[in-house]
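Asks: What follows is final.cif; its format and atoms are mmCIF, C-alpha atoms.
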```cif
data_input
loop_
_atom_site.label_atom_id
_atom_site.label_comp_id
_atom_site.auth_asym_id
_atom_site.auth_seq_id
_atom_site.Cartn_x
_atom_site.Cartn_y
_atom_site.Cartn_z
CA MET Y 1 -86.64 -117.25 -236.96
CA ASP Y 2 -89.62 -118.17 -239.13
CA ILE Y 3 -93.18 -116.91 -238.91
CA TYR Y 4 -95.81 -119.31 -240.17
CA VAL Y 5 -99.34 -118.14 -241.01
CA VAL Y 6 -101.92 -120.83 -240.34
CA GLN Y 7 -103.75 -122.05 -243.45
CA PRO Y 8 -107.16 -123.77 -243.69
CA GLY Y 9 -106.92 -127.38 -242.50
CA ASP Y 10 -103.56 -126.96 -240.75
CA THR Y 11 -102.88 -128.87 -237.56
CA ILE Y 12 -100.22 -128.19 -234.96
CA GLU Y 13 -98.67 -131.60 -235.72
CA GLU Y 14 -98.34 -130.80 -239.43
CA ILE Y 15 -96.72 -127.43 -238.71
CA ALA Y 16 -94.28 -128.99 -236.25
CA ASN Y 17 -93.34 -131.69 -238.77
CA MET Y 18 -92.86 -129.05 -241.47
CA TYR Y 19 -90.16 -127.36 -239.37
CA GLU Y 20 -88.81 -130.60 -237.88
CA ILE Y 21 -89.44 -129.62 -234.26
CA THR Y 22 -91.57 -131.22 -231.58
CA VAL Y 23 -95.19 -130.27 -231.07
CA GLU Y 24 -94.38 -129.67 -227.40
CA LYS Y 25 -91.70 -127.09 -228.24
CA LEU Y 26 -93.94 -125.29 -230.74
CA ILE Y 27 -96.75 -125.05 -228.19
CA ARG Y 28 -94.41 -124.05 -225.37
CA ASP Y 29 -92.49 -121.39 -227.30
CA ASN Y 30 -95.67 -119.70 -228.57
CA GLU Y 31 -97.65 -120.39 -225.39
CA LEU Y 32 -100.54 -121.71 -227.45
CA VAL Y 33 -103.51 -122.15 -225.12
CA ASN Y 34 -105.65 -124.08 -227.61
CA PRO Y 35 -103.30 -125.73 -230.11
CA ASP Y 36 -106.01 -128.11 -231.36
CA ASN Y 37 -108.13 -125.17 -232.47
CA LEU Y 38 -105.88 -123.02 -234.63
CA LEU Y 39 -107.26 -119.90 -236.32
CA VAL Y 40 -106.83 -119.41 -240.04
CA GLY Y 41 -104.48 -116.44 -240.37
CA GLN Y 42 -102.96 -116.93 -236.89
CA THR Y 43 -99.17 -116.60 -236.65
CA ILE Y 44 -96.84 -119.20 -235.15
CA ILE Y 45 -93.15 -118.51 -234.56
CA ILE Y 46 -90.38 -121.05 -235.02
CA VAL Y 47 -87.03 -120.09 -233.49
CA HIS Y 48 -83.67 -121.67 -234.28
CA PRO Y 49 -81.05 -121.43 -231.51
CA SER Y 50 -77.48 -121.43 -232.72
CA GLU Y 51 -76.40 -123.44 -229.67
CA THR Y 52 -78.33 -125.71 -227.31
CA TYR Y 53 -77.55 -127.70 -224.17
CA MET Y 54 -78.99 -130.99 -222.95
CA VAL Y 55 -79.53 -130.98 -219.20
CA SER Y 56 -77.73 -133.76 -217.27
CA GLU Y 57 -78.27 -135.13 -213.79
CA GLY Y 58 -77.05 -132.67 -211.15
CA ASP Y 59 -76.95 -129.64 -213.49
CA THR Y 60 -77.90 -126.18 -212.21
CA LEU Y 61 -78.58 -123.01 -214.18
CA GLU Y 62 -75.56 -121.40 -212.54
CA ALA Y 63 -73.28 -124.23 -213.64
CA ILE Y 64 -74.69 -124.32 -217.17
CA ALA Y 65 -74.25 -120.55 -217.47
CA ALA Y 66 -70.65 -120.71 -216.22
CA ASP Y 67 -69.76 -123.58 -218.57
CA ASN Y 68 -71.15 -121.64 -221.54
CA ASN Y 69 -69.69 -118.27 -220.49
CA ILE Y 70 -73.07 -116.57 -220.23
CA ARG Y 71 -75.23 -115.19 -217.43
CA VAL Y 72 -78.15 -117.03 -215.85
CA GLY Y 73 -80.27 -114.14 -217.10
CA GLU Y 74 -79.41 -115.12 -220.67
CA ILE Y 75 -80.64 -118.66 -220.06
CA LEU Y 76 -83.90 -117.29 -218.64
CA ARG Y 77 -84.25 -114.96 -221.62
CA ASN Y 78 -83.72 -117.81 -224.11
CA ASN Y 79 -85.92 -120.26 -222.20
CA PRO Y 80 -88.84 -118.30 -220.68
CA PHE Y 81 -90.63 -121.49 -219.59
CA LEU Y 82 -88.01 -121.73 -216.81
CA ALA Y 83 -89.52 -118.66 -215.14
CA ASP Y 84 -92.43 -120.79 -213.98
CA ARG Y 85 -90.22 -123.61 -212.76
CA GLU Y 86 -88.21 -124.38 -209.65
CA TYR Y 87 -86.17 -127.21 -211.19
CA ILE Y 88 -84.58 -128.29 -214.44
CA TYR Y 89 -84.71 -131.93 -215.47
CA PRO Y 90 -82.28 -134.31 -217.20
CA GLY Y 91 -83.03 -134.63 -220.91
CA GLU Y 92 -84.41 -131.10 -221.31
CA GLU Y 93 -82.93 -129.10 -224.16
CA LEU Y 94 -82.12 -125.46 -223.36
CA ALA Y 95 -81.41 -122.71 -225.88
CA ILE Y 96 -78.00 -121.22 -225.11
CA SER Y 97 -77.57 -118.67 -227.90
CA PHE Y 98 -79.05 -117.25 -231.10
CA ASN Y 99 -77.42 -115.62 -234.11
CA ARG Y 100 -78.37 -112.02 -233.41
CA THR Y 101 -77.81 -109.19 -235.86
CA ALA Y 102 -78.10 -106.06 -233.69
CA SER Y 103 -78.62 -104.78 -230.14
CA PHE Y 104 -81.78 -103.14 -228.78
CA SER Y 105 -82.70 -101.25 -225.64
CA THR Y 106 -86.21 -102.06 -224.45
CA TYR Y 107 -88.67 -100.24 -222.20
CA GLY Y 108 -91.66 -101.90 -220.58
CA TYR Y 109 -94.60 -100.15 -218.90
CA ALA Y 110 -96.29 -101.76 -215.91
CA ASN Y 111 -98.83 -100.82 -213.29
CA ILE Y 112 -98.17 -101.68 -209.66
CA PHE Y 113 -100.74 -104.46 -209.70
CA ILE Y 114 -98.81 -106.47 -212.31
CA ASN Y 115 -98.71 -110.16 -211.48
CA ARG Y 116 -95.26 -110.75 -209.97
CA ASP Y 117 -94.77 -114.00 -211.90
CA THR Y 118 -95.47 -112.12 -215.14
CA LEU Y 119 -93.03 -109.43 -214.04
CA ARG Y 120 -90.20 -111.89 -213.36
CA LYS Y 121 -90.84 -113.65 -216.65
CA THR Y 122 -90.62 -110.37 -218.59
CA LEU Y 123 -87.72 -108.61 -216.85
CA PRO Y 124 -84.99 -110.61 -218.66
CA TYR Y 125 -86.12 -108.87 -221.87
CA LEU Y 126 -86.05 -105.31 -220.52
CA THR Y 127 -83.43 -102.61 -220.25
CA TYR Y 128 -85.77 -100.18 -218.46
CA LEU Y 129 -89.02 -100.61 -216.55
CA SER Y 130 -91.44 -97.69 -216.27
CA ILE Y 131 -93.67 -98.14 -213.22
CA TYR Y 132 -97.05 -96.42 -213.27
CA ASN Y 133 -97.83 -95.57 -209.65
CA TYR Y 134 -97.43 -91.82 -209.07
CA GLN Y 135 -99.71 -88.97 -210.00
CA ILE Y 136 -99.21 -85.24 -209.48
CA GLY Y 137 -101.17 -83.81 -206.55
CA ASN Y 138 -102.94 -80.47 -206.29
CA ASN Y 139 -100.22 -79.15 -203.97
CA GLY Y 140 -97.27 -80.52 -205.91
CA GLU Y 141 -97.21 -83.88 -204.16
CA ALA Y 142 -96.02 -87.07 -205.80
CA LEU Y 143 -99.00 -89.23 -204.90
CA GLY Y 144 -98.49 -92.98 -204.89
CA SER Y 145 -98.38 -96.12 -202.79
CA ASP Y 146 -95.58 -98.34 -201.52
CA ASP Y 147 -96.72 -101.20 -203.75
CA ASP Y 148 -93.87 -100.37 -206.12
CA ILE Y 149 -91.08 -101.14 -203.64
CA ASP Y 150 -90.80 -104.85 -204.42
CA ILE Y 151 -91.15 -104.15 -208.16
CA ILE Y 152 -88.22 -101.74 -208.06
CA GLN Y 153 -86.00 -104.15 -206.15
CA THR Y 154 -86.94 -107.09 -208.39
CA ALA Y 155 -86.18 -105.01 -211.50
CA ILE Y 156 -82.72 -104.13 -210.18
CA GLU Y 157 -82.06 -107.80 -209.33
CA TYR Y 158 -82.76 -108.64 -212.98
CA GLY Y 159 -80.49 -105.87 -214.28
CA VAL Y 160 -83.36 -103.56 -215.26
CA ILE Y 161 -83.35 -99.80 -214.63
CA PRO Y 162 -86.55 -98.76 -212.76
CA LEU Y 163 -88.12 -95.44 -213.76
CA MET Y 164 -91.05 -93.55 -212.27
CA HIS Y 165 -93.82 -92.75 -214.76
CA LEU Y 166 -95.22 -89.35 -213.79
CA ALA Y 167 -98.46 -87.95 -215.17
CA ALA Y 168 -101.15 -85.38 -214.38
CA ILE Y 169 -103.80 -88.04 -214.83
CA SER Y 170 -105.65 -90.56 -212.68
CA LEU Y 171 -104.95 -94.28 -212.57
CA LEU Y 172 -107.84 -94.64 -215.04
CA GLY Y 173 -106.15 -92.29 -217.49
CA GLU Y 174 -108.43 -89.32 -216.91
CA PHE Y 175 -106.74 -86.13 -218.09
CA ASP Y 176 -106.80 -83.33 -215.50
CA VAL Y 177 -106.95 -80.15 -217.58
CA ASN Y 178 -106.76 -77.71 -214.65
CA LEU Y 179 -103.86 -79.49 -212.99
CA THR Y 180 -101.93 -79.67 -216.26
CA TYR Y 181 -102.50 -75.97 -216.90
CA ARG Y 182 -101.13 -75.11 -213.46
CA LEU Y 183 -98.26 -77.54 -213.85
CA LEU Y 184 -97.14 -75.91 -217.09
CA ASN Y 185 -97.58 -72.31 -215.95
CA ASP Y 186 -96.62 -72.15 -212.26
CA GLU Y 187 -92.88 -72.53 -211.67
CA VAL Y 188 -93.23 -72.34 -207.88
CA TYR Y 189 -95.64 -75.27 -208.12
CA GLN Y 190 -93.15 -77.06 -210.36
CA ASP Y 191 -90.32 -76.56 -207.88
CA THR Y 192 -92.41 -78.11 -205.11
CA LEU Y 193 -93.16 -81.10 -207.32
CA PHE Y 194 -89.48 -81.50 -208.25
CA GLU Y 195 -88.39 -81.75 -204.62
CA ASN Y 196 -91.16 -84.18 -203.76
CA VAL Y 197 -90.28 -86.39 -206.72
CA ILE Y 198 -86.59 -86.40 -205.80
CA ASN Y 199 -87.46 -87.55 -202.29
CA VAL Y 200 -89.38 -90.49 -203.73
CA LEU Y 201 -86.61 -91.37 -206.20
CA ARG Y 202 -84.06 -91.35 -203.41
CA ASP Y 203 -86.16 -93.28 -200.89
CA LYS Y 204 -87.24 -96.01 -203.31
CA GLU Y 205 -84.10 -96.30 -205.48
CA TYR Y 206 -85.63 -95.23 -208.76
CA TYR Y 207 -83.09 -94.18 -211.38
CA GLY Y 208 -85.18 -91.38 -212.86
CA ILE Y 209 -88.55 -90.45 -214.31
CA ILE Y 210 -90.54 -90.61 -217.51
CA ILE Y 211 -92.64 -87.48 -217.96
CA SER Y 212 -95.97 -88.21 -219.61
CA ALA Y 213 -96.62 -85.70 -222.40
CA GLN Y 214 -99.60 -87.51 -223.89
CA TYR Y 215 -101.44 -84.23 -224.37
CA ILE Y 216 -98.66 -82.09 -225.82
CA THR Y 217 -99.84 -79.86 -228.69
CA THR Y 218 -98.44 -77.20 -230.98
CA GLU Y 219 -100.05 -74.61 -228.69
CA ASN Y 220 -98.58 -75.81 -225.38
CA GLN Y 221 -95.27 -77.28 -226.55
CA ASP Y 222 -93.21 -74.30 -225.34
CA LEU Y 223 -94.73 -74.63 -221.87
CA PHE Y 224 -94.07 -78.38 -221.88
CA LEU Y 225 -90.50 -77.70 -222.98
CA ASN Y 226 -89.87 -75.24 -220.16
CA TYR Y 227 -91.36 -77.65 -217.61
CA THR Y 228 -89.31 -80.57 -218.98
CA ARG Y 229 -86.09 -78.54 -219.11
CA ARG Y 230 -86.45 -77.31 -215.52
CA PHE Y 231 -87.33 -80.81 -214.30
CA SER Y 232 -84.36 -82.36 -216.09
CA GLU Y 233 -81.94 -79.73 -214.78
CA ARG Y 234 -83.10 -80.29 -211.20
CA LEU Y 235 -83.00 -84.09 -211.40
CA SER Y 236 -79.58 -84.15 -213.05
CA GLN Y 237 -78.14 -82.32 -210.03
CA ASP Y 238 -78.83 -85.49 -208.02
CA GLY Y 239 -77.82 -87.88 -210.80
CA TYR Y 240 -81.30 -88.91 -212.00
CA LEU Y 241 -82.44 -89.50 -215.57
CA THR Y 242 -85.27 -87.54 -217.21
CA LEU Y 243 -87.13 -89.01 -220.16
CA ILE Y 244 -90.33 -87.92 -221.88
CA ALA Y 245 -93.07 -90.08 -223.41
CA ILE Y 246 -94.97 -88.46 -226.27
CA ASN Y 247 -98.02 -89.82 -228.04
CA PRO Y 248 -97.46 -88.66 -231.65
CA LYS Y 249 -101.04 -89.49 -232.78
CA VAL Y 250 -99.93 -90.49 -236.28
CA ASN Y 251 -102.95 -90.81 -238.60
CA THR Y 252 -103.92 -90.77 -242.24
CA LEU Y 253 -106.11 -88.02 -243.72
CA ASP Y 254 -106.98 -88.09 -247.40
CA ASP Y 255 -104.10 -90.55 -248.01
CA GLU Y 256 -101.64 -88.20 -246.28
CA VAL Y 257 -99.86 -89.03 -243.02
CA VAL Y 258 -100.59 -86.33 -240.41
CA TYR Y 259 -99.29 -85.69 -236.88
CA GLU Y 260 -98.69 -82.81 -234.46
CA ASP Y 261 -96.09 -80.28 -235.59
CA ILE Y 262 -93.83 -80.41 -232.52
CA ASP Y 263 -90.24 -79.17 -232.40
CA TYR Y 264 -88.74 -82.32 -230.93
CA SER Y 265 -85.17 -81.10 -231.30
CA LYS Y 266 -85.56 -78.79 -228.31
CA PHE Y 267 -86.86 -81.65 -226.14
CA SER Y 268 -84.02 -83.86 -227.32
CA ASP Y 269 -81.52 -81.32 -225.99
CA VAL Y 270 -82.84 -81.55 -222.41
CA VAL Y 271 -83.81 -85.24 -221.89
CA TYR Y 272 -82.05 -88.58 -221.85
CA SER Y 273 -84.45 -90.08 -224.38
CA ILE Y 274 -87.80 -89.45 -226.11
CA LEU Y 275 -90.25 -92.34 -226.19
CA PHE Y 276 -92.74 -92.06 -229.04
CA LEU Y 277 -95.54 -94.26 -227.86
CA GLN Y 278 -99.20 -94.39 -228.88
CA TYR Y 279 -100.36 -95.29 -225.40
CA THR Y 280 -103.97 -95.25 -224.29
CA TRP Y 281 -106.17 -96.22 -221.37
CA GLY Y 282 -109.61 -97.68 -222.09
CA ILE Y 283 -111.72 -96.60 -225.05
CA LEU Y 284 -110.78 -94.78 -228.24
CA ASP Y 285 -113.14 -92.24 -229.81
CA THR Y 286 -111.57 -92.58 -233.25
CA PRO Y 287 -112.88 -94.51 -236.28
CA PRO Y 288 -111.82 -98.16 -236.70
CA ALA Y 289 -108.20 -98.30 -237.76
CA PRO Y 290 -105.02 -100.34 -237.24
CA VAL Y 291 -103.59 -100.15 -233.72
CA ILE Y 292 -100.30 -99.15 -235.33
CA SER Y 293 -99.34 -98.58 -238.96
CA ILE Y 294 -95.83 -99.47 -240.06
CA SER Y 295 -96.27 -97.40 -243.22
CA ASN Y 296 -97.36 -94.27 -241.32
CA LEU Y 297 -94.67 -94.83 -238.71
CA SER Y 298 -91.99 -94.89 -241.41
CA VAL Y 299 -93.07 -91.45 -242.61
CA PHE Y 300 -93.15 -90.11 -239.05
CA ILE Y 301 -89.68 -91.48 -238.25
CA ASP Y 302 -88.24 -89.84 -241.37
CA SER Y 303 -89.64 -86.55 -240.11
CA ILE Y 304 -88.37 -86.73 -236.53
CA GLN Y 305 -84.93 -87.90 -237.63
CA THR Y 306 -84.43 -84.49 -239.21
CA GLN Y 307 -84.65 -83.12 -235.65
CA ILE Y 308 -83.33 -85.84 -233.33
CA ASP Y 309 -80.37 -88.21 -233.35
CA ALA Y 310 -81.40 -91.86 -233.62
CA ASP Y 311 -79.82 -92.75 -230.27
CA LYS Y 312 -82.32 -90.46 -228.50
CA ILE Y 313 -85.38 -92.13 -230.06
CA SER Y 314 -87.44 -95.04 -228.78
CA ILE Y 315 -90.42 -96.20 -230.83
CA GLY Y 316 -93.33 -97.84 -229.02
CA ILE Y 317 -95.23 -101.08 -229.51
CA PRO Y 318 -98.87 -101.01 -228.32
CA VAL Y 319 -99.81 -104.62 -227.61
CA LEU Y 320 -103.51 -104.12 -226.89
CA GLY Y 321 -106.35 -104.65 -229.34
CA TYR Y 322 -109.52 -102.65 -229.97
CA MET Y 323 -113.03 -103.61 -231.05
CA TRP Y 324 -115.48 -101.25 -232.78
CA GLU Y 325 -119.16 -101.72 -233.52
CA LEU Y 326 -120.05 -101.23 -237.20
CA PRO Y 327 -121.08 -99.00 -238.78
CA TYR Y 328 -119.00 -96.38 -236.99
CA VAL Y 329 -120.85 -93.15 -236.23
CA ALA Y 330 -118.63 -90.13 -235.43
CA GLY Y 331 -119.46 -88.54 -232.09
CA PHE Y 332 -121.42 -91.57 -230.96
CA SER Y 333 -119.40 -94.74 -231.52
CA SER Y 334 -116.38 -95.75 -229.49
CA SER Y 335 -114.17 -98.80 -229.06
CA ASN Y 336 -113.56 -101.41 -226.39
CA ILE Y 337 -110.04 -102.30 -225.33
CA LEU Y 338 -109.03 -105.97 -225.52
CA SER Y 339 -106.07 -107.79 -224.06
CA ARG Y 340 -104.15 -110.21 -226.26
CA ASP Y 341 -105.87 -113.19 -224.61
CA ASN Y 342 -109.28 -111.56 -225.04
CA VAL Y 343 -108.61 -110.98 -228.74
CA TYR Y 344 -107.65 -114.61 -229.26
CA ASN Y 345 -110.52 -116.03 -227.22
CA LEU Y 346 -113.03 -113.79 -229.01
CA ALA Y 347 -111.71 -114.87 -232.41
CA ILE Y 348 -112.02 -118.53 -231.40
CA ASN Y 349 -115.53 -118.07 -230.04
CA VAL Y 350 -116.85 -116.36 -233.17
CA GLY Y 351 -114.94 -118.62 -235.58
CA ALA Y 352 -113.08 -115.70 -237.10
CA THR Y 353 -110.66 -115.83 -240.01
CA ILE Y 354 -107.74 -113.49 -239.38
CA GLN Y 355 -107.14 -111.06 -242.23
CA PHE Y 356 -104.01 -109.02 -242.86
CA ASP Y 357 -103.62 -105.37 -243.84
CA GLU Y 358 -100.46 -105.06 -245.94
CA VAL Y 359 -100.00 -101.30 -245.48
CA SER Y 360 -100.14 -101.27 -241.70
CA GLN Y 361 -98.74 -104.81 -241.33
CA THR Y 362 -101.46 -105.58 -238.79
CA PRO Y 363 -104.21 -108.21 -238.47
CA PHE Y 364 -107.93 -107.72 -238.07
CA PHE Y 365 -111.15 -109.70 -238.17
CA ILE Y 366 -114.83 -108.92 -238.62
CA PHE Y 367 -117.63 -110.87 -237.02
CA GLU Y 368 -121.36 -110.68 -236.50
CA ASN Y 369 -123.13 -111.02 -233.16
CA THR Y 370 -126.27 -112.89 -234.17
CA SER Y 371 -127.61 -112.88 -230.60
CA ASN Y 372 -127.74 -109.08 -230.63
CA ASN Y 373 -129.66 -108.07 -233.77
CA SER Y 374 -126.79 -109.30 -236.01
CA ILE Y 375 -124.55 -106.35 -235.12
CA GLN Y 376 -121.16 -106.39 -236.86
CA TYR Y 377 -117.86 -105.69 -235.13
CA ILE Y 378 -114.28 -105.21 -236.29
CA VAL Y 379 -111.21 -105.98 -234.17
CA TRP Y 380 -107.75 -104.59 -234.89
CA TYR Y 381 -104.68 -105.82 -233.02
CA ILE Y 382 -101.05 -106.78 -233.65
CA TYR Y 383 -99.17 -110.06 -233.91
CA ALA Y 384 -95.81 -111.57 -234.85
CA ILE Y 385 -95.62 -110.11 -238.36
CA THR Y 386 -96.30 -106.64 -236.94
CA PHE Y 387 -93.53 -107.00 -234.36
CA ASP Y 388 -91.07 -108.25 -236.95
CA SER Y 389 -91.95 -105.50 -239.44
CA LEU Y 390 -91.51 -102.83 -236.76
CA MET Y 391 -88.12 -104.14 -235.66
CA ARG Y 392 -86.94 -104.32 -239.27
CA LEU Y 393 -88.13 -100.75 -239.83
CA LEU Y 394 -86.19 -99.54 -236.80
CA ILE Y 395 -83.04 -101.31 -237.96
CA GLU Y 396 -83.46 -99.70 -241.39
CA LYS Y 397 -83.78 -96.26 -239.75
CA GLY Y 398 -80.82 -96.80 -237.41
CA ILE Y 399 -82.99 -96.77 -234.25
CA ALA Y 400 -82.03 -99.24 -231.53
CA SER Y 401 -84.72 -98.79 -228.90
CA THR Y 402 -88.33 -99.85 -228.52
CA SER Y 403 -90.92 -99.52 -225.74
CA VAL Y 404 -93.88 -101.77 -224.97
CA TRP Y 405 -97.27 -100.51 -223.81
CA ASN Y 406 -97.78 -102.55 -221.73
CA ILE Y 407 -96.30 -105.67 -220.08
CA MET Y 408 -99.20 -106.50 -217.76
CA SER Y 409 -99.50 -109.89 -219.46
CA TYR Y 410 -96.65 -111.91 -220.92
CA PHE Y 411 -96.59 -111.78 -224.71
CA ALA Y 412 -94.57 -114.80 -225.84
CA GLN Y 413 -94.49 -113.99 -229.56
CA LEU Y 414 -93.28 -110.42 -229.04
CA TRP Y 415 -90.26 -111.57 -227.06
CA LEU Y 416 -89.60 -114.50 -229.40
CA VAL Y 417 -89.33 -112.07 -232.31
CA ILE Y 418 -87.03 -109.69 -230.46
CA ASN Y 419 -84.84 -112.08 -228.49
CA SER Y 420 -84.19 -114.57 -231.29
CA GLN Y 421 -82.87 -111.83 -233.59
CA TYR Y 422 -81.52 -109.02 -231.42
CA LYS Y 423 -79.36 -108.75 -228.32
CA ILE Y 424 -81.16 -106.96 -225.50
CA VAL Y 425 -79.02 -104.30 -223.84
CA LYS Y 426 -78.52 -104.56 -220.07
CA LEU Y 427 -77.03 -101.49 -218.37
CA LEU Y 428 -77.11 -103.01 -214.87
CA PRO Y 429 -75.61 -106.38 -213.86
CA GLU Y 430 -78.09 -109.22 -214.31
CA PRO Y 431 -78.08 -112.60 -212.53
#
```
Taking this structure as input, can you express it in the form of structure tokens?

Replies:
Amino acid sequence: MDIYVVQPGDTIEEIANMYEITVEKLIRDNELVNPDNLLVGQTIIIVHPSETYMVSEGDTLEAIAADNNIRVGEILRNNPFLADREYIYPGEELAISFNRTASFSTYGYANIFINRDTLRKTLPYLTYLSIYNYQIGNNGEALGSDDDIDIIQTAIEYGVIPLMHLAAISLLGEFDVNLTYRLLNDEVYQDTLFENVINVLRDKEYYGIIISAQYITTENQDLFLNYTRRFSERLSQDGYLTLIAINPKVNTLDDEVVYEDIDYSKFSDVVYSILFLQYTWGILDTPPAPVISISNLSVFIDSIQTQIDADKISIGIPVLGYMWELPYVAGFSSSNILSRDNVYNLAINVGATIQFDEVSQTPFFIFENTSNNSIQYIVWYIYAITFDSLMRLLIEKGIASTSVWNIMSYFAQLWLVINSQYKIVKLLPEP
């Protein structure tokens, strides 16, 4: 795999010729929506399959998979454009295999309103799918809809383990302080919740839960631990998995990396896995900063590995971008969340040049809104170099699991980086 950074004056034809591939393949693999208007600093990925197959008249995916001793799911993973297609055509070249150096387990987070085509296109790359549908009720209910039923069944069909994401927050991400306090302190209330959750898991064929611990602190960590331990013990009696997702809030203060002082070793003893994921809904009330910092993350991983075995750790990838108005004023300014497509379209519209922060391994751009009193804005997001740097860091640290917040839109470059270099673990049979 190669990652090319667009230079001034580059055209898609010149880049394709440089790597001796067709323009069509370059556009298709990267899902470039405006290939004639490339951004300076934009990344383009070139993948190199180790084995390909030319489709002949009468071929089917099942026959091609059987002839090459692979699963249909592997063909879909290596050729994501097929997810949108009903047929394959003679003369098409399909990627059959890549030279992969390691294996990775992957988690994806999705809300129940995910586009089903996007879901089916992404599932070949996932080991686990966390479905955000249920919230904790005032009387210990597991409150949710039946809109997850088809998602669960589709996940299983693609060899992906479906997990319930359970949080004491609203669908908009509003933290319920009173409910959380009761949840952590009232064991009778907990027991009611446990039984209600188990009923849902059983009825809908979930394989377990991911407990949201976004608001864990040094002060409440013992209460969270007790709640997590009791939950895990109850679920394990019926054969269900218990995982916990923790937002580590890794930041830099006076050139020093800081984060909550949590005893993760105790949590590791009672759960299947700990997902360290900087996940957010909506706005951030923090100063402009990289969405993720590879440098800071390296320091944090070194710390948690003194407490937890690597096989219990999953490190998250936040794929959303954020935009701040400048200058930032503490207590007044906030950010706006941007999808990947929104980031790209905004950069095109304002004629941005993408810059790169070496320390965090993330891109950003600054622009001025001349129609609104010439206000300046800064946008931080992540792209192919960020993904690749993170995966290399995890390999260096001996960690073989990553989680994506979130998969509500298909991110071609993320999966190109992962799938072309690493084998994705499947714990259930895939097609």

Asks: Which of these, Y:Leu326, Y:Met1, Y:Thr402, Y:Leu338, has the shortest distance to Arg100 of chain Y once you count only C-alpha atoms?

Replies: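 Nearest candidate to Arg100 of chain Y out of Y:Leu326, Y:Met1, Y:Thr402, Y:Leu338: Y:Met1.
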
Asks: Would you list the residues near (-120.3, -99.7, -240.3), meaning any protein, DNA or RNA residue with an atom at most 10 Å from that point in file coordinates, counting all atoms listed in the file, as number ranges by chain?

Replies: Y: 287-288, 324-329, 375-378

Asks: Could you check which residues have any atom within 12 Å of (-85.3, -81.4, -229.9), counting only C-alpha atoms with coordinates taken straight from the file, and then list them as a PyMOL selection string?

Replies: chain Y and resi 221-222+225+228-229+244+262-274+304-310+312-313

Asks: Pick out the residues sitting within 12 Å of Glu205 of chain Y, and hand them over as a PDB file with C-alpha atoms, in the frame of the given file; count only C-alpha atoms, and ignore anything fewer than 6 positions along from it in its own chain.

Replies:
```
ATOM      1  CA  ASP Y 148     -93.870-100.370-206.120  1.00  0.00           C
ATOM      2  CA  ILE Y 149     -91.080-101.140-203.640  1.00  0.00           C
ATOM      3  CA  ASP Y 150     -90.800-104.850-204.420  1.00  0.00           C
ATOM      4  CA  ILE Y 151     -91.150-104.150-208.160  1.00  0.00           C
ATOM      5  CA  ILE Y 152     -88.220-101.740-208.060  1.00  0.00           C
ATOM      6  CA  GLN Y 153     -86.000-104.150-206.150  1.00  0.00           C
ATOM      7  CA  THR Y 154     -86.940-107.090-208.390  1.00  0.00           C
ATOM      8  CA  ALA Y 155     -86.180-105.010-211.500  1.00  0.00           C
ATOM      9  CA  ILE Y 156     -82.720-104.130-210.180  1.00  0.00           C
ATOM     10  CA  ILE Y 161     -83.350 -99.800-214.630  1.00  0.00           C
ATOM     11  CA  PRO Y 162     -86.550 -98.760-212.760  1.00  0.00           C
ATOM     12  CA  LEU Y 163     -88.120 -95.440-213.760  1.00  0.00           C
ATOM     13  CA  MET Y 164     -91.050 -93.550-212.270  1.00  0.00           C
ATOM     14  CA  VAL Y 197     -90.280 -86.390-206.720  1.00  0.00           C
ATOM     15  CA  ILE Y 198     -86.590 -86.400-205.800  1.00  0.00           C
ATOM     16  CA  ASN Y 199     -87.460 -87.550-202.290  1.00  0.00           C
ATOM     17  CA  GLY Y 239     -77.820 -87.880-210.800  1.00  0.00           C
ATOM     18  CA  TYR Y 240     -81.300 -88.910-212.000  1.00  0.00           C
TER      19      TYR Y 240
END
```

Asks: Find the distance between atom CA of Asn251 of chain Y and atom CA of Phe332 of chain Y and write it in Å to one decimal.

Replies: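 Distance reported for this atom pair: 20.0 Å.
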
Asks: Set the distance at 7 Å and use all atoms listed in the file: which residues neighbour segment 115-126 of chain Y once local chain neighbours fewer than 6 positions away are removed? I'd like the list as a list in words.

Replies: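 Close residues of segment 115-126 of chain Y: Gly73, Leu76, Arg77, Pro80, Ala83, Thr106, Tyr107, Gly108, Ala155, Tyr158, Val160, Ser409, Tyr410 and Ile424 of chain Y.
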
Asks: For the residues in the current selection, export C-alpha atoms as a PDB file, in the frame of the given file.

Replies:
```pdb
ATOM      1  CA  GLY Y  73     -80.270-114.140-217.100  1.00  0.00           C
ATOM      2  CA  LEU Y  76     -83.900-117.290-218.640  1.00  0.00           C
ATOM      3  CA  ARG Y  77     -84.250-114.960-221.620  1.00  0.00           C
ATOM      4  CA  PRO Y  80     -88.840-118.300-220.680  1.00  0.00           C
ATOM      5  CA  ALA Y  83     -89.520-118.660-215.140  1.00  0.00           C
ATOM      6  CA  THR Y 106     -86.210-102.060-224.450  1.00  0.00           C
ATOM      7  CA  TYR Y 107     -88.670-100.240-222.200  1.00  0.00           C
ATOM      8  CA  GLY Y 108     -91.660-101.900-220.580  1.00  0.00           C
ATOM      9  CA  ALA Y 155     -86.180-105.010-211.500  1.00  0.00           C
ATOM     10  CA  TYR Y 158     -82.760-108.640-212.980  1.00  0.00           C
ATOM     11  CA  VAL Y 160     -83.360-103.560-215.260  1.00  0.00           C
ATOM     12  CA  SER Y 409     -99.500-109.890-219.460  1.00  0.00           C
ATOM     13  CA  TYR Y 410     -96.650-111.910-220.920  1.00  0.00           C
ATOM     14  CA  ILE Y 424     -81.160-106.960-225.500  1.00  0.00           C
TER      15      ILE Y 424
END
```
